[in-house]
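Reviewing the structure listed below.
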Amino acid sequence: MTAGNATELRNGAPGRLGDPERSLKTDPRVHPGVIAALAPFGLDGSATAPPVSPRSTRAELLEFAAGAESAFEPVFEALMAGLPEVEGVASETQTVTGADGDEIKLYVSRPEDVEGPLPCIYHIHGGGMVIMGATSAVYNRWRLELAATGLVVIGVEFRNGAGKLGPHPYPAGLEDCATGMKWVAAHAAELGVSNIVVSGDSGGANLALALAIKAKREGFLSAISGVYAQCPYVYGKWAHDSEELPSVAENDGYFNHRDMMQVLAEIYDPGSANIDEATCWPARATTADLEGLPPHVISVNEVDPLRDEGLDYYRKLLAAGVPTISWMNMGLCHIGEVLFRATMPDVYAATVRSINNFAHSMR
């Protein structure tokens, strides 16, 4: 604990619970690498509420999401710019047909000149299940770095709720993730895959967790050896404070705003029609949903509004008897360990090693 942390805890509640005017750059808990990465884009202060709300028209919501995606893409590219090339990795693209006749692209990366079956990370990108894509600079880099450690890494391009790959609300994206994962399992031998760990961050973590529940219900759970979820976005209703989830208010506006999360939730699940469905919002999962699932890792970040819903899901898994571990990345905002390769290389590398170790331990 730093001196700043100790002073804050003595003088009051952390984050914006202790000072409503606090922002990322004024919160003493925040890792300096977060500020260094976000300051050039003016994102090191407090995020503001979006100009739309869940009560906006569908057309207004989709237009906003498209604009948000266009704004984030160059930021993601800039965060990865100037990094050294990842060497020793070969990549290819496979295309499979989805349940609705749609094409699902699978981006396969594997280390070159490595013999024998390797663990597979079946990666699901973030973006609230609504925006961004597997080909973004951040996620392309992430897959290559993972593959370079001795893994087969397969990124699935699922139908988003909005943006260039939308508009396809729940359950379209989840169905695509399931179709792609079953194809990988069926072709494991030719892909050189020994076992499959499903992994994702933010909205991708939602889909990873939901996929395990869906697999149990539909009888293909044996294909999944483990789940590694980072900063899971699983609650679905952040508009009001919750005593169980103080991080929503504590870290509101720290690179992520609760109103933005609620807007994306409305796009993914119009009218909250599926708010009680565990494969839409895994926070609703019951013990019966979770019993018998494979081992999980739930990773959360200290200054992320989503921190406490991830910890809550971790406790649900433990209560259901699922082998689960969890940890908190101190000082990090939402998915900072994925985004900030340049300013926090040690944190980035530690996360890559952690996923590699987990995947190999599930063989």
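Simple scheme: letters A, B, ... for chains in structure tokens order, numbers from 1 for residues in each chain, numbers from 1 for ligands in the order shown.
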What are the DSSP alpha helix (DSSP H) residues of segment 136-305 of chain A, as number ranges by chain?
A: 137-148, 172-186, 188-191, 203-218, 247-250, 258-268, 287-290
Would you pick out the contacts of Arg22 of chain A at 10 Å or less, using only C-alpha atoms, so that residues sharing its chain but fewer than 5 positions from it are not included, and give the list as JSON, numbers by chain?
{"A": [14, 15, 16, 17, 27, 28, 45, 46, 250, 251, 252, 253, 254]}
Could you write out the selected residues, including all heavy atoms, as a CSV table (one decimal), in the first residue's frame?
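Below is the file that was written, out04.csv:
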chain,number,residue,atom,x,y,z
A,14,PRO,N,-12.8,5.5,-0.8
A,14,PRO,CA,-11.9,5.6,-2.0
A,14,PRO,C,-12.7,6.2,-3.2
A,14,PRO,O,-13.9,6.2,-3.2
A,14,PRO,CB,-11.5,4.1,-2.3
A,14,PRO,CG,-12.7,3.3,-1.7
A,14,PRO,CD,-13.1,4.1,-0.5
A,15,GLY,N,-11.9,6.7,-4.1
A,15,GLY,CA,-12.4,7.2,-5.4
A,15,GLY,C,-13.4,8.3,-5.2
A,15,GLY,O,-13.4,9.1,-4.3
A,16,ARG,N,-14.5,8.2,-6.1
A,16,ARG,CA,-15.5,9.3,-6.1
A,16,ARG,C,-16.5,9.1,-4.9
A,16,ARG,O,-17.3,10.0,-4.7
A,16,ARG,CB,-16.2,9.3,-7.4
A,16,ARG,CG,-15.2,9.6,-8.6
A,16,ARG,CD,-16.0,9.8,-9.9
A,16,ARG,NE,-16.7,11.1,-9.8
A,16,ARG,CZ,-17.7,11.4,-10.7
A,16,ARG,NH1,-18.0,10.6,-11.6
A,16,ARG,NH2,-18.3,12.6,-10.5
A,17,LEU,N,-16.4,8.0,-4.2
A,17,LEU,CA,-17.2,7.9,-3.0
A,17,LEU,C,-16.7,8.9,-1.9
A,17,LEU,O,-17.5,9.4,-1.1
A,17,LEU,CB,-17.2,6.5,-2.5
A,17,LEU,CG,-17.9,5.4,-3.3
A,17,LEU,CD1,-17.7,4.0,-2.7
A,17,LEU,CD2,-19.4,5.7,-3.4
A,27,ASP,N,-6.7,10.6,-8.7
A,27,ASP,CA,-6.9,9.5,-7.7
A,27,ASP,C,-5.5,8.9,-7.5
A,27,ASP,O,-4.9,8.4,-8.4
A,27,ASP,CB,-7.9,8.5,-8.3
A,27,ASP,CG,-8.3,7.5,-7.3
A,27,ASP,OD1,-7.5,7.0,-6.4
A,27,ASP,OD2,-9.5,7.1,-7.3
A,28,PRO,N,-5.1,8.9,-6.2
A,28,PRO,CA,-3.7,8.4,-5.9
A,28,PRO,C,-3.6,6.9,-6.1
A,28,PRO,O,-2.4,6.4,-6.1
A,28,PRO,CB,-3.5,8.8,-4.4
A,28,PRO,CG,-4.9,8.9,-3.9
A,28,PRO,CD,-5.7,9.5,-5.0
A,45,GLY,N,-9.1,12.1,-17.5
A,45,GLY,CA,-9.9,12.8,-16.5
A,45,GLY,C,-11.1,12.0,-16.2
A,45,GLY,O,-11.0,10.9,-15.8
A,46,SER,N,-12.3,12.6,-16.3
A,46,SER,CA,-13.5,11.9,-16.0
A,46,SER,C,-14.4,11.8,-17.3
A,46,SER,O,-14.7,12.8,-18.0
A,46,SER,CB,-14.4,12.7,-15.0
A,46,SER,OG,-13.7,12.7,-13.7
A,250,GLU,N,-17.9,4.4,-7.0
A,250,GLU,CA,-16.6,4.7,-6.6
A,250,GLU,C,-15.7,5.1,-7.8
A,250,GLU,O,-14.9,6.1,-7.7
A,250,GLU,CB,-16.0,3.5,-5.9
A,250,GLU,CG,-14.5,3.6,-5.5
A,250,GLU,CD,-14.0,2.3,-5.1
A,250,GLU,OE1,-14.7,1.6,-4.3
A,250,GLU,OE2,-12.9,1.9,-5.4
A,251,ASN,N,-15.9,4.4,-8.9
A,251,ASN,CA,-15.0,4.6,-10.1
A,251,ASN,C,-15.7,5.1,-11.3
A,251,ASN,O,-15.2,5.0,-12.5
A,251,ASN,CB,-14.3,3.3,-10.5
A,251,ASN,CG,-13.4,2.8,-9.3
A,251,ASN,OD1,-12.8,3.5,-8.6
A,251,ASN,ND2,-13.5,1.5,-9.1
A,252,ASP,N,-16.9,5.7,-11.1
A,252,ASP,CA,-17.7,6.1,-12.2
A,252,ASP,C,-17.0,7.3,-13.0
A,252,ASP,O,-16.5,8.2,-12.4
A,252,ASP,CB,-19.1,6.7,-11.8
A,252,ASP,CG,-20.0,6.9,-12.9
A,252,ASP,OD1,-19.9,6.3,-13.9
A,252,ASP,OD2,-20.9,7.8,-12.7
A,253,GLY,N,-16.9,7.1,-14.3
A,253,GLY,CA,-16.2,8.1,-15.1
A,253,GLY,C,-14.7,7.9,-15.3
A,253,GLY,O,-14.0,8.6,-16.0
A,254,TYR,N,-14.2,6.8,-14.7
A,254,TYR,CA,-12.8,6.4,-14.8
A,254,TYR,C,-12.7,5.6,-16.1
A,254,TYR,O,-12.7,4.4,-16.0
A,254,TYR,CB,-12.3,5.6,-13.6
A,254,TYR,CG,-12.1,6.4,-12.3
A,254,TYR,CD1,-12.6,7.7,-12.1
A,254,TYR,CD2,-11.3,5.9,-11.3
A,254,TYR,CE1,-12.4,8.4,-11.0
A,254,TYR,CE2,-11.1,6.6,-10.1
A,254,TYR,CZ,-11.7,7.8,-9.9
A,254,TYR,OH,-11.5,8.5,-8.8
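Among A:Ala265, A:Leu293, A:Val300, A:Val193, the residue with the shortest atom-to-atom distance to Cys231 of chain A, counting only C-alpha atoms, is A:Val300.
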Skipping near chain neighbours, those fewer than 6 positions away, what residues fall within 10 Å of Tyr139 of chain A using only C-alpha atoms, listed as a ChimeraX atom specification?
/A:76,80,123-126,132-133,145,155,338-339
Store the residues picked out above in a file with N, CA and C atoms, as a short mmCIF file (atom, residue, chain, number, x, y, z; two decimals), in the first residue's frame.
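This is the output file result.cif:
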data_model
loop_
_atom_site.label_atom_id
_atom_site.label_comp_id
_atom_site.auth_asym_id
_atom_site.auth_seq_id
_atom_site.Cartn_x
_atom_site.Cartn_y
_atom_site.Cartn_z
N PHE A 76 -7.34 2.86 -30.26
CA PHE A 76 -6.77 1.51 -30.14
C PHE A 76 -5.56 1.36 -31.05
N MET A 80 -1.27 0.85 -29.87
CA MET A 80 -0.41 -0.23 -30.34
C MET A 80 0.69 0.23 -31.30
N HIS A 123 -10.57 -16.74 -28.09
CA HIS A 123 -10.66 -15.37 -27.59
C HIS A 123 -11.87 -14.63 -28.13
N ILE A 124 -12.58 -13.95 -27.21
CA ILE A 124 -13.77 -13.16 -27.55
C ILE A 124 -13.48 -11.70 -27.18
N HIS A 125 -13.51 -10.82 -28.17
CA HIS A 125 -13.11 -9.43 -27.95
C HIS A 125 -14.14 -8.65 -27.13
N GLY A 126 -13.67 -7.55 -26.55
CA GLY A 126 -14.53 -6.67 -25.78
C GLY A 126 -15.23 -5.64 -26.64
N MET A 132 -16.69 -2.61 -31.70
CA MET A 132 -15.33 -3.09 -31.89
C MET A 132 -15.32 -4.47 -32.57
N GLY A 133 -14.12 -5.00 -32.85
CA GLY A 133 -14.02 -6.24 -33.58
C GLY A 133 -12.74 -6.97 -33.30
N GLU A 145 0.60 -11.93 -29.22
CA GLU A 145 1.47 -12.03 -28.04
C GLU A 145 1.18 -13.32 -27.27
N GLY A 155 -9.36 -16.01 -32.45
CA GLY A 155 -10.29 -14.93 -32.19
C GLY A 155 -11.53 -15.08 -33.04
N VAL A 338 -4.84 -5.00 -20.95
CA VAL A 338 -4.91 -5.36 -22.37
C VAL A 338 -4.53 -4.17 -23.25
N LEU A 339 -4.90 -2.97 -22.81
CA LEU A 339 -4.75 -1.79 -23.65
C LEU A 339 -3.36 -1.17 -23.63
#
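Residues within 12 Å of Glu244 of chain A, counting only C-alpha atoms and excluding same-chain residues fewer than 2 positions away, are Tyr235, Trp238, His240, Asp241, Ser242, Pro246, Ser247, Val248, Ala249, Leu306, Arg307, Asp308, Glu309, Gly310, Leu311, Asp312 and Tyr313 of chain A.
Residues in contact with segment 33-43 of chain A at 10 Å, where only C-alpha atoms are counted and same-chain residues fewer than 3 positions away are skipped, are listed as Leu24, Lys25, Thr26, Val30, Ser46, Ala47, Val75, Ala78, Leu79, Gly253, Tyr254, Phe255, Asn256, Gly331, Leu332, Cys333, Gly336, Glu337, Leu339, Phe340, Arg341, Ala342, Thr343, Met344, Pro345 and Val347 of chain A.
The residue that comes closest to Arg258 of chain A, out of A:Leu62, A:Ala90, A:Thr48, A:Pro169 and on the basis of only C-alpha atoms, is A:Thr48.
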Identify, on the basis of only C-alpha atoms, every residue whose closest approach to Ile298 of chain A does not exceed 10 Å; exclude the query and any residue fewer than 3 positions from it along the same chain; express the result as JSON, numbers by chain.
{"A": [205, 209, 227, 228, 229, 230, 231, 232, 310, 311, 312, 313, 314, 315, 317, 324, 325, 326, 327, 328]}
So which one's closest to Tyr233 of chain A, A:Ala319, A:Leu221, A:Cys177, A:Ala283? Using only C-alpha atoms, please.
A:Ala283
Residues near Glu63 of chain A, cut-off 12 Å, only C-alpha atoms, skip fewer than 3 positions along chain, as a PDB file with N, CA and C atoms, in the first residue's frame:
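Below is the file that was written, selection.pdb:
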ATOM      1  N   PRO A  51     -24.616  11.272 -25.028  1.00  0.00           N
ATOM      2  CA  PRO A  51     -25.733  12.161 -25.361  1.00  0.00           C
ATOM      3  C   PRO A  51     -27.041  11.419 -25.602  1.00  0.00           C
ATOM      4  N   VAL A  52     -27.034  10.113 -25.457  1.00  0.00           N
ATOM      5  CA  VAL A  52     -28.250   9.307 -25.593  1.00  0.00           C
ATOM      6  C   VAL A  52     -28.469   8.547 -24.290  1.00  0.00           C
ATOM      7  N   SER A  56     -33.737   6.625 -25.575  1.00  0.00           N
ATOM      8  CA  SER A  56     -33.596   7.140 -26.933  1.00  0.00           C
ATOM      9  C   SER A  56     -34.152   6.127 -27.932  1.00  0.00           C
ATOM     10  N   THR A  57     -34.435   6.587 -29.146  1.00  0.00           N
ATOM     11  CA  THR A  57     -34.940   5.672 -30.161  1.00  0.00           C
ATOM     12  C   THR A  57     -33.850   4.685 -30.572  1.00  0.00           C
ATOM     13  N   ARG A  58     -34.288   3.592 -31.148  1.00  0.00           N
ATOM     14  CA  ARG A  58     -33.326   2.581 -31.600  1.00  0.00           C
ATOM     15  C   ARG A  58     -32.357   3.182 -32.619  1.00  0.00           C
ATOM     16  N   ALA A  59     -32.887   3.999 -33.521  1.00  0.00           N
ATOM     17  CA  ALA A  59     -32.040   4.622 -34.539  1.00  0.00           C
ATOM     18  C   ALA A  59     -31.002   5.527 -33.898  1.00  0.00           C
ATOM     19  N   GLU A  60     -31.394   6.281 -32.878  1.00  0.00           N
ATOM     20  CA  GLU A  60     -30.454   7.175 -32.196  1.00  0.00           C
ATOM     21  C   GLU A  60     -29.368   6.377 -31.478  1.00  0.00           C
ATOM     22  N   ALA A  66     -22.287   3.608 -33.500  1.00  0.00           N
ATOM     23  CA  ALA A  66     -21.405   3.660 -34.668  1.00  0.00           C
ATOM     24  C   ALA A  66     -20.363   4.759 -34.509  1.00  0.00           C
ATOM     25  N   GLY A  67     -20.779   5.902 -33.982  1.00  0.00           N
ATOM     26  CA  GLY A  67     -19.848   6.998 -33.756  1.00  0.00           C
ATOM     27  C   GLY A  67     -18.827   6.670 -32.681  1.00  0.00           C
ATOM     28  N   ALA A  68     -19.282   5.999 -31.623  1.00  0.00           N
ATOM     29  CA  ALA A  68     -18.363   5.614 -30.548  1.00  0.00           C
ATOM     30  C   ALA A  68     -17.319   4.626 -31.054  1.00  0.00           C
ATOM     31  N   GLU A  69     -17.747   3.677 -31.872  1.00  0.00           N
ATOM     32  CA  GLU A  69     -16.814   2.714 -32.448  1.00  0.00           C
ATOM     33  C   GLU A  69     -15.779   3.430 -33.311  1.00  0.00           C
ATOM     34  N   SER A  70     -16.230   4.364 -34.134  1.00  0.00           N
ATOM     35  CA  SER A  70     -15.308   5.111 -34.996  1.00  0.00           C
ATOM     36  C   SER A  70     -14.317   5.934 -34.181  1.00  0.00           C
ATOM     37  N   ILE A 131     -19.847  -3.077 -29.908  1.00  0.00           N
ATOM     38  CA  ILE A 131     -18.941  -2.413 -30.842  1.00  0.00           C
ATOM     39  C   ILE A 131     -17.577  -3.107 -30.844  1.00  0.00           C
ATOM     40  N   GLY A 161     -23.891  -6.020 -31.475  1.00  0.00           N
ATOM     41  CA  GLY A 161     -25.184  -5.372 -31.324  1.00  0.00           C
ATOM     42  C   GLY A 161     -25.315  -4.118 -32.164  1.00  0.00           C
ATOM     43  N   ALA A 162     -24.196  -3.517 -32.561  1.00  0.00           N
ATOM     44  CA  ALA A 162     -24.218  -2.277 -33.354  1.00  0.00           C
ATOM     45  C   ALA A 162     -22.873  -2.154 -34.058  1.00  0.00           C
ATOM     46  N   GLY A 163     -22.605  -0.970 -34.633  1.00  0.00           N
ATOM     47  CA  GLY A 163     -21.356  -0.741 -35.328  1.00  0.00           C
ATOM     48  C   GLY A 163     -21.306  -1.453 -36.668  1.00  0.00           C
ATOM     49  N   LYS A 164     -20.104  -1.603 -37.195  1.00  0.00           N
ATOM     50  CA  LYS A 164     -19.941  -2.187 -38.530  1.00  0.00           C
ATOM     51  C   LYS A 164     -20.439  -3.630 -38.608  1.00  0.00           C
ATOM     52  N   GLY A 166     -22.972  -4.857 -36.772  1.00  0.00           N
ATOM     53  CA  GLY A 166     -24.337  -4.941 -36.259  1.00  0.00           C
ATOM     54  C   GLY A 166     -25.340  -4.566 -37.329  1.00  0.00           C
ATOM     55  N   PRO A 167     -26.622  -4.343 -36.919  1.00  0.00           N
ATOM     56  CA  PRO A 167     -27.136  -4.454 -35.551  1.00  0.00           C
ATOM     57  C   PRO A 167     -27.744  -5.832 -35.298  1.00  0.00           C
ATOM     58  N   VAL A 263     -26.314   2.320 -21.828  1.00  0.00           N
ATOM     59  CA  VAL A 263     -26.691   2.494 -23.244  1.00  0.00           C
ATOM     60  C   VAL A 263     -26.298   1.260 -24.052  1.00  0.00           C
ATOM     61  N   ILE A 267     -28.721  -1.500 -26.157  1.00  0.00           N
ATOM     62  CA  ILE A 267     -28.530  -1.903 -27.550  1.00  0.00           C
ATOM     63  C   ILE A 267     -28.434  -3.432 -27.656  1.00  0.00           C
TER      64      ILE A 267
END
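Closest approach to Met362 of chain A from the set A:Gly271, A:Pro294, A:Ala288, A:Val96 is made by A:Pro294, with distances taken over only C-alpha atoms.
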